[in-house]
>>> print(open('target_34.cif').read())   # mmCIF, C-alpha atoms
data_data
loop_
_atom_site.group_PDB
_atom_site.id
_atom_site.type_symbol
_atom_site.label_atom_id
_atom_site.label_comp_id
_atom_site.auth_asym_id
_atom_site.auth_seq_id
_atom_site.Cartn_x
_atom_site.Cartn_y
_atom_site.Cartn_z
ATOM 1 C CA MET A 538 83.293 132.231 55.251
ATOM 2 C CA SER A 539 81.864 132.389 51.774
ATOM 3 C CA ARG A 540 82.748 135.331 49.557
ATOM 4 C CA LEU A 541 79.098 135.525 48.485
ATOM 5 C CA LYS A 542 76.498 137.273 50.586
ATOM 6 C CA PRO A 543 73.926 134.733 51.724
ATOM 7 C CA LEU A 544 70.479 135.354 50.282
ATOM 8 C CA SER A 545 67.313 134.836 52.272
ATOM 9 C CA PRO A 546 64.161 133.587 50.536
ATOM 10 C CA THR A 547 62.770 137.133 50.664
ATOM 11 C CA ASP A 548 65.768 138.358 48.595
ATOM 12 C CA LEU A 549 65.100 135.942 45.709
ATOM 13 C CA ASP A 550 63.589 136.864 42.362
ATOM 14 C CA ALA A 551 61.228 134.558 40.430
ATOM 15 C CA ALA A 552 64.019 132.548 38.746
ATOM 16 C CA GLN A 553 65.860 132.123 42.037
ATOM 17 C CA LEU A 554 62.647 131.045 43.794
ATOM 18 C CA ALA A 555 62.018 128.447 41.079
ATOM 19 C CA LEU A 556 65.581 127.190 41.580
ATOM 20 C CA ARG A 557 65.025 127.052 45.343
ATOM 21 C CA GLU A 558 61.915 124.922 44.829
ATOM 22 C CA SER A 559 63.828 122.588 42.481
ATOM 23 C CA MET A 560 66.670 122.207 44.977
ATOM 24 C CA MET A 561 64.230 121.489 47.803
ATOM 25 C CA ASN A 562 62.607 118.773 45.671
ATOM 26 C CA VAL A 563 65.951 117.087 44.965
ATOM 27 C CA TRP A 564 68.093 117.761 48.040
ATOM 28 C CA LYS A 565 65.488 118.642 50.697
ATOM 29 C CA ARG A 566 67.394 121.870 51.337
ATOM 30 C CA ALA A 567 68.446 124.932 49.384
ATOM 31 C CA GLU A 568 71.163 126.684 51.396
ATOM 32 C CA GLY A 569 74.856 126.106 51.924
ATOM 33 C CA GLY A 570 77.494 124.473 49.769
ATOM 34 C CA PRO A 571 77.002 124.875 46.038
ATOM 35 C CA PHE A 572 73.352 125.886 46.447
ATOM 36 C CA ASP A 573 74.266 129.428 47.481
ATOM 37 C CA LEU A 574 76.410 129.760 44.359
ATOM 38 C CA TRP A 575 73.653 128.677 42.027
ATOM 39 C CA TYR A 576 71.387 131.550 43.075
ATOM 40 C CA GLN A 577 73.831 133.866 41.316
ATOM 41 C CA SER A 578 73.031 132.117 38.021
ATOM 42 C CA PRO A 579 69.633 130.428 38.305
ATOM 43 C CA GLU A 580 69.702 128.881 34.823
ATOM 44 C CA LEU A 581 73.075 127.296 35.531
ATOM 45 C CA GLY A 582 71.697 126.317 38.926
ATOM 46 C CA GLN A 583 68.719 124.533 37.380
ATOM 47 C CA ARG A 584 70.949 122.618 34.993
ATOM 48 C CA SER A 585 73.475 121.806 37.726
ATOM 49 C CA ASN A 586 70.652 120.685 39.979
ATOM 50 C CA ARG A 587 69.402 118.233 37.341
ATOM 51 C CA LEU A 588 72.865 116.859 36.601
ATOM 52 C CA GLY A 589 73.610 116.646 40.311
ATOM 53 C CA ALA A 590 70.397 114.737 40.930
ATOM 54 C CA TYR A 591 71.440 112.204 38.297
ATOM 55 C CA CYS A 592 75.002 111.869 39.592
ATOM 56 C CA ARG A 593 73.939 111.595 43.223
ATOM 57 C CA TRP A 594 70.708 109.597 43.113
ATOM 58 C CA GLU A 595 70.236 108.031 39.691
ATOM 59 C CA SER A 596 73.626 106.964 38.330
ATOM 60 C CA LYS A 597 74.435 103.305 37.844
ATOM 61 C CA LEU A 598 77.080 103.458 40.590
ATOM 62 C CA GLU A 599 76.538 101.616 43.845
ATOM 63 C CA PHE A 600 76.378 104.017 46.803
ATOM 64 C CA ASP A 601 79.737 102.932 48.281
ATOM 65 C CA VAL A 602 81.467 103.277 44.896
ATOM 66 C CA LEU A 603 79.881 106.698 44.349
ATOM 67 C CA GLU A 604 81.017 107.933 47.763
ATOM 68 C CA THR A 605 84.532 106.585 47.200
ATOM 69 C CA ALA A 606 84.801 108.621 44.004
ATOM 70 C CA ILE A 607 83.359 111.754 45.634
ATOM 71 C CA LEU A 608 85.746 111.576 48.596
ATOM 72 C CA THR A 609 88.662 111.149 46.204
ATOM 73 C CA VAL A 610 87.582 114.291 44.332
ATOM 74 C CA ALA A 611 86.935 116.290 47.506
ATOM 75 C CA HIS A 612 90.352 115.423 48.904
ATOM 76 C CA PHE A 613 92.148 116.169 45.641
ATOM 77 C CA TRP A 614 90.598 119.654 45.505
ATOM 78 C CA SER A 615 90.937 120.244 49.279
ATOM 79 C CA GLN A 616 87.224 121.030 49.341
ATOM 80 C CA ASP A 617 86.134 120.997 52.994
ATOM 81 C CA TYR A 618 82.382 121.259 52.441
ATOM 82 C CA GLU A 619 82.341 118.426 49.903
ATOM 83 C CA TRP A 620 84.636 116.348 52.113
ATOM 84 C CA SER A 621 82.715 116.775 55.358
ATOM 85 C CA THR A 622 79.358 116.152 53.694
ATOM 86 C CA HIS A 623 80.526 113.004 51.958
ATOM 87 C CA VAL A 624 82.479 111.523 54.867
ATOM 88 C CA LYS A 625 79.102 111.095 56.585
ATOM 89 C CA ASN A 626 77.637 109.553 53.431
ATOM 90 C CA ALA A 627 80.637 107.258 52.996
ATOM 91 C CA LEU A 628 80.309 105.968 56.541
ATOM 92 C CA ALA A 629 76.595 105.390 55.944
ATOM 93 C CA ALA A 630 77.514 103.466 52.769
ATOM 94 C CA GLY A 631 79.719 101.141 54.797
ATOM 95 C CA ILE A 632 83.107 102.601 53.894
ATOM 96 C CA GLY A 633 85.419 102.188 56.861
ATOM 97 C CA GLN A 634 86.927 105.073 58.789
ATOM 98 C CA ASP A 635 90.356 103.569 58.033
ATOM 99 C CA VAL A 636 89.703 103.984 54.292
ATOM 100 C CA ILE A 637 88.510 107.562 54.784
ATOM 101 C CA ASP A 638 91.579 108.357 56.897
ATOM 102 C CA ALA A 639 93.888 106.852 54.264
ATOM 103 C CA ILE A 640 92.319 108.947 51.480
ATOM 104 C CA ALA A 641 92.684 112.050 53.656
ATOM 105 C CA ALA A 642 96.351 111.259 54.343
ATOM 106 C CA ASP A 643 97.223 110.331 50.722
ATOM 107 C CA ARG A 644 97.993 106.788 51.820
ATOM 108 C CA PRO A 645 96.893 103.832 49.714
ATOM 109 C CA PRO A 646 93.531 102.751 51.158
ATOM 110 C CA VAL A 647 92.658 99.110 51.684
ATOM 111 C CA PHE A 648 89.177 98.935 50.220
ATOM 112 C CA ALA A 649 86.528 96.358 51.029
ATOM 113 C CA THR A 650 85.677 95.773 47.363
ATOM 114 C CA VAL A 651 87.406 95.806 44.015
ATOM 115 C CA GLU A 652 84.766 98.297 42.814
ATOM 116 C CA GLN A 653 85.655 100.817 45.537
ATOM 117 C CA SER A 654 89.353 100.419 44.756
ATOM 118 C CA MET A 655 88.760 100.876 41.031
ATOM 119 C CA ALA A 656 86.604 103.966 41.588
ATOM 120 C CA HIS A 657 89.401 105.496 43.653
ATOM 121 C CA ASP A 658 92.030 104.570 41.061
ATOM 122 C CA VAL A 659 89.959 105.954 38.180
ATOM 123 C CA ALA A 660 89.163 109.190 40.000
ATOM 124 C CA ARG A 661 92.778 109.772 41.041
ATOM 125 C CA GLU A 662 94.131 109.069 37.589
ATOM 126 C CA ILE A 663 91.598 111.388 35.947
ATOM 127 C CA LEU A 664 92.372 114.140 38.460
ATOM 128 C CA GLU A 665 96.143 113.756 38.362
ATOM 129 C CA THR A 666 96.656 113.163 34.635
ATOM 130 C CA ARG A 667 93.403 114.458 33.082
ATOM 131 C CA LYS A 668 92.850 111.121 31.323
ATOM 132 C CA LEU A 669 92.974 107.344 31.813
ATOM 133 C CA THR A 670 95.696 105.071 30.533
ATOM 134 C CA SER A 671 94.615 102.230 28.285
ATOM 135 C CA GLU A 672 95.425 99.813 31.098
ATOM 136 C CA THR A 673 93.253 101.601 33.667
ATOM 137 C CA TYR A 674 90.454 101.997 31.154
ATOM 138 C CA ALA A 675 90.524 98.271 30.340
ATOM 139 C CA ARG A 676 90.475 97.283 34.027
ATOM 140 C CA ALA A 677 87.685 99.735 34.832
ATOM 141 C CA ALA A 678 85.601 98.670 31.831
ATOM 142 C CA ALA A 679 86.044 95.012 32.827
ATOM 143 C CA ILE A 680 84.943 95.716 36.409
ATOM 144 C CA PHE A 681 82.129 98.197 35.768
ATOM 145 C CA GLY A 682 81.171 97.905 32.122
ATOM 146 C CA GLU A 683 81.263 100.967 29.917
ATOM 147 C CA PRO A 684 77.862 102.446 30.921
ATOM 148 C CA VAL A 685 78.879 102.526 34.594
ATOM 149 C CA LEU A 686 82.327 103.846 33.690
ATOM 150 C CA VAL A 687 80.646 106.733 31.849
ATOM 151 C CA ASP A 688 78.677 107.496 35.014
ATOM 152 C CA LEU A 689 81.839 107.277 37.134
ATOM 153 C CA ALA A 690 83.710 109.686 34.850
ATOM 154 C CA SER A 691 80.714 112.034 34.938
ATOM 155 C CA VAL A 692 80.553 111.929 38.745
ATOM 156 C CA VAL A 693 84.260 112.783 38.933
ATOM 157 C CA GLY A 694 83.696 115.677 36.518
ATOM 158 C CA TRP A 695 80.600 117.014 38.241
ATOM 159 C CA TYR A 696 82.041 116.906 41.744
ATOM 160 C CA THR A 697 85.265 118.457 40.407
ATOM 161 C CA SER A 698 83.210 121.323 39.009
ATOM 162 C CA LEU A 699 81.480 121.785 42.370
ATOM 163 C CA ALA A 700 84.792 121.686 44.216
ATOM 164 C CA ILE A 701 86.305 124.333 41.967
ATOM 165 C CA GLN A 702 83.257 126.575 42.293
ATOM 166 C CA MET A 703 83.203 126.233 46.080
ATOM 167 C CA ASN A 704 86.947 126.822 46.334
ATOM 168 C CA ILE A 705 86.705 129.996 44.250
ATOM 169 C CA PHE A 706 83.963 131.376 46.498
ATOM 170 C CA ASP A 707 85.472 130.081 49.777
ATOM 171 C CA VAL A 708 82.624 127.753 50.597
ATOM 172 C CA GLY A 709 83.996 125.630 53.434
ATOM 173 C CA ALA A 710 82.675 123.057 55.851
#
>>> encode(input="target_34.cif", output="structure tokens")
Amino acid sequence: MSRLKPLSPTDLDAAQLALRESMMNVWKRAEGGPFDLWYQSPELGQRSNRLGAYCRWESKLEFDVLETAILTVAHFWSQDYEWSTHVKNALAAGIGQDVIDAIAADRPPVFATVEQSMAHDVAREILETRKLTSETYARAAAIFGEPVLVDLASVVGWYTSLAIQMNIFDVGA
């Protein structure tokens, strides 16, 4: 149960209503998960919405690689909402249930592609050490190229921010 009181559309002021419209345009919904948090700070919500739209729909990452990184973040932060939402997306992206189960159990997953494996390795190393070793950076840059690696690092950062926010306010599955 979230620590924040849910707001109905009739409770929203002009800035919150504008945010709601923006979220509906991007996500096709405006309740639950991080959306409820953003109503508390509509300007932050608008900016988060734009960055989220880029990370989720416009980044240079392939969908399976994106979902691998997001699941790695969600598991690291024990964020149930993020996890349950993105398990469905990962399955739709062709990531096997065995890979999802391995991530959830902190076992080394056997990925279908080198890109999925690298996304997982990069995300875990960033989360666990707050940086990348020169070796991991070189491997990731060779696999993805630097522009895609920038997007991957940004996805890890953005979904980490969401996980922390949702954990603080007890937003679960």
>>> residues_around(input="target_34.cif", residues="A:Phe600", least_positions_apart="6", cutoff="12 Å", atoms="only C-alpha atoms", output="list in words")
Cys592, Arg593, Trp594, Ala606, Ile607, His623, Asn626, Ala627, Leu628, Ala629, Ala630, Gly631, Ile632, Glu652, Gln653, Ala656 and Leu689 of chain A
>>> closest_residue(input="target_34.cif", among="A:Leu581, A:Ala611, A:Ala551, A:Ala567", to="A:Met703", atoms="all atoms listed in the file")
A:Ala611
>>> residues_near_point(input="target_34.cif", point="(67.7, 128.2, 38.3)", cutoff="7 Å", atoms="only C-alpha atoms", output="PyMOL selection string")
chain A and resi 552-553+555-556+576+578-583
>>> atom_distance(input="target_34.cif", atom1="atom CA of A:Leu574", atom2="atom CA of A:Ala700")
11.6 Å
>>> residues_around(input="target_34.cif", residues="A:Leu686", least_positions_apart="2", cutoff="12 Å", atoms="only C-alpha atoms", output="PyMOL selection string")
chain A and resi 596-599+602-603+606+652+655-656+659-660+669+673-684+688-693
>>> atom_distance(input="target_34.cif", atom1="atom CA of A:Pro645", atom2="atom CA of A:Trp614")
17.5 Å
>>> atom_distance(input="target_34.cif", atom1="atom CA of A:Val687", atom2="atom CA of A:Glu604")
16.0 Å
>>> resolve_selection(input="target_34.cif", expression="the PyMOL selection byres ((chain A and resi 618) around 10)", output="ChimeraX atom specification")
/A:569-571,611,615-617,619-623,700,703-704,707-710
>>> residues_near_point(input="target_34.cif", point="(76.3, 138.2, 50.8)", cutoff="12 Å", atoms="all atoms listed in the file", output="number ranges by chain")
A: 538-545, 548, 573-574, 576-577, 706
>>> closest_residue(input="target_34.cif", among="A:Leu554, A:Met561, A:Val610, A:Ala641", to="A:Asn586", atoms="all atoms listed in the file")
A:Met561
>>> axis_aligned_box(input="target_34.cif", around="stretch 589-602 of chain A", padding_each_side="8 Å", output="lines of an AutoDock Vina configuration file")
center_x = 75.9
center_y = 109.1
center_z = 43.1
size_x = 27.2
size_y = 31.0
size_z = 26.4
>>> closest_residue(input="target_34.cif", among="A:Thr605, A:Ser671, A:Asn562, A:Ser698", to="A:Gln634", atoms="only C-alpha atoms")
A:Thr605
>>> closest_residue(input="target_34.cif", among="A:Leu608, A:Leu699, A:Leu588, A:Ala639", to="A:Phe572", atoms="all atoms listed in the file")
A:Leu699
>>> decode(input="target_34.cif", residues="stretch 585-628 of chain A", atoms="N, CA and C atoms", output="compact mmCIF listing (two decimals), in the first residue's frame")
# COMPACT_ATOMS: atom_id res chain seq x y z
N SER A 585 10.40 14.06 -15.64
CA SER A 585 10.57 12.60 -15.54
C SER A 585 9.83 11.89 -16.66
N ASN A 586 8.65 12.38 -16.97
CA ASN A 586 7.85 11.80 -18.04
C ASN A 586 8.59 11.87 -19.38
N ARG A 587 9.21 13.02 -19.65
CA ARG A 587 9.95 13.17 -20.91
C ARG A 587 11.18 12.26 -20.94
N LEU A 588 11.93 12.22 -19.84
CA LEU A 588 13.10 11.36 -19.80
C LEU A 588 12.68 9.89 -19.88
N GLY A 589 11.62 9.55 -19.17
CA GLY A 589 11.11 8.19 -19.22
C GLY A 589 10.68 7.77 -20.61
N ALA A 590 10.03 8.69 -21.32
CA ALA A 590 9.61 8.39 -22.69
C ALA A 590 10.83 8.08 -23.55
N TYR A 591 11.89 8.87 -23.38
CA TYR A 591 13.11 8.59 -24.15
C TYR A 591 13.69 7.23 -23.76
N CYS A 592 13.87 7.01 -22.48
CA CYS A 592 14.49 5.75 -22.04
C CYS A 592 13.67 4.54 -22.49
N ARG A 593 12.37 4.64 -22.38
CA ARG A 593 11.50 3.49 -22.66
C ARG A 593 11.23 3.27 -24.14
N TRP A 594 11.00 4.34 -24.89
CA TRP A 594 10.52 4.19 -26.26
C TRP A 594 11.49 4.67 -27.33
N GLU A 595 12.45 5.52 -26.98
CA GLU A 595 13.24 6.17 -28.02
C GLU A 595 14.73 5.90 -27.93
N SER A 596 15.19 5.23 -26.89
CA SER A 596 16.64 4.99 -26.77
C SER A 596 17.12 4.10 -27.90
N LYS A 597 18.41 4.02 -28.04
CA LYS A 597 19.02 3.20 -29.09
C LYS A 597 19.10 1.73 -28.71
N LEU A 598 18.61 1.37 -27.53
CA LEU A 598 18.66 -0.02 -27.08
C LEU A 598 17.57 -0.85 -27.73
N GLU A 599 17.93 -2.06 -28.13
CA GLU A 599 16.92 -3.01 -28.60
C GLU A 599 16.02 -3.36 -27.41
N PHE A 600 14.78 -3.72 -27.69
CA PHE A 600 13.78 -3.94 -26.64
C PHE A 600 14.23 -5.02 -25.65
N ASP A 601 14.80 -6.12 -26.12
CA ASP A 601 15.23 -7.18 -25.22
C ASP A 601 16.39 -6.72 -24.33
N VAL A 602 17.28 -5.92 -24.86
CA VAL A 602 18.41 -5.39 -24.10
C VAL A 602 17.91 -4.40 -23.05
N LEU A 603 16.99 -3.54 -23.45
CA LEU A 603 16.37 -2.58 -22.53
C LEU A 603 15.72 -3.31 -21.36
N GLU A 604 14.91 -4.32 -21.67
CA GLU A 604 14.19 -5.04 -20.61
C GLU A 604 15.14 -5.83 -19.71
N THR A 605 16.23 -6.32 -20.26
CA THR A 605 17.25 -6.99 -19.44
C THR A 605 17.81 -6.02 -18.41
N ALA A 606 18.15 -4.82 -18.86
CA ALA A 606 18.70 -3.82 -17.94
C ALA A 606 17.67 -3.42 -16.88
N ILE A 607 16.42 -3.22 -17.29
CA ILE A 607 15.39 -2.80 -16.34
C ILE A 607 15.14 -3.88 -15.30
N LEU A 608 15.07 -5.14 -15.72
CA LEU A 608 14.87 -6.22 -14.74
C LEU A 608 16.04 -6.29 -13.76
N THR A 609 17.23 -6.08 -14.26
CA THR A 609 18.41 -6.10 -13.38
C THR A 609 18.31 -5.01 -12.32
N VAL A 610 17.88 -3.82 -12.73
CA VAL A 610 17.69 -2.71 -11.80
C VAL A 610 16.58 -3.02 -10.81
N ALA A 611 15.45 -3.47 -11.31
CA ALA A 611 14.29 -3.75 -10.45
C ALA A 611 14.63 -4.79 -9.39
N HIS A 612 15.36 -5.82 -9.80
CA HIS A 612 15.74 -6.86 -8.83
C HIS A 612 16.72 -6.30 -7.79
N PHE A 613 17.71 -5.56 -8.26
CA PHE A 613 18.70 -5.00 -7.35
C PHE A 613 18.04 -4.18 -6.25
N TRP A 614 17.04 -3.36 -6.63
CA TRP A 614 16.38 -2.47 -5.68
C TRP A 614 15.18 -3.12 -5.01
N SER A 615 14.93 -4.40 -5.30
CA SER A 615 13.76 -5.11 -4.73
C SER A 615 12.48 -4.30 -4.95
N GLN A 616 12.31 -3.81 -6.18
CA GLN A 616 11.17 -2.97 -6.50
C GLN A 616 10.11 -3.81 -7.20
N ASP A 617 9.07 -4.18 -6.46
CA ASP A 617 8.06 -5.11 -6.95
C ASP A 617 7.24 -4.57 -8.13
N TYR A 618 6.88 -3.30 -8.09
CA TYR A 618 6.09 -2.75 -9.19
C TYR A 618 6.92 -2.77 -10.48
N GLU A 619 8.13 -2.27 -10.41
CA GLU A 619 9.01 -2.23 -11.57
C GLU A 619 9.26 -3.65 -12.08
N TRP A 620 9.50 -4.58 -11.16
CA TRP A 620 9.77 -5.96 -11.53
C TRP A 620 8.56 -6.58 -12.24
N SER A 621 7.40 -6.51 -11.62
CA SER A 621 6.23 -7.18 -12.20
C SER A 621 5.84 -6.58 -13.54
N THR A 622 5.95 -5.28 -13.67
CA THR A 622 5.64 -4.63 -14.94
C THR A 622 6.60 -5.09 -16.03
N HIS A 623 7.87 -5.15 -15.70
CA HIS A 623 8.87 -5.44 -16.73
C HIS A 623 9.11 -6.92 -16.97
N VAL A 624 8.67 -7.79 -16.09
CA VAL A 624 8.69 -9.22 -16.41
C VAL A 624 7.80 -9.47 -17.62
N LYS A 625 6.62 -8.88 -17.62
CA LYS A 625 5.70 -9.03 -18.77
C LYS A 625 6.35 -8.49 -20.04
N ASN A 626 6.97 -7.33 -19.94
CA ASN A 626 7.64 -6.75 -21.11
C ASN A 626 8.80 -7.61 -21.58
N ALA A 627 9.56 -8.15 -20.63
CA ALA A 627 10.70 -8.99 -20.99
C ALA A 627 10.24 -10.25 -21.73
N LEU A 628 9.20 -10.86 -21.23
CA LEU A 628 8.65 -12.04 -21.92
C LEU A 628 8.20 -11.67 -23.33
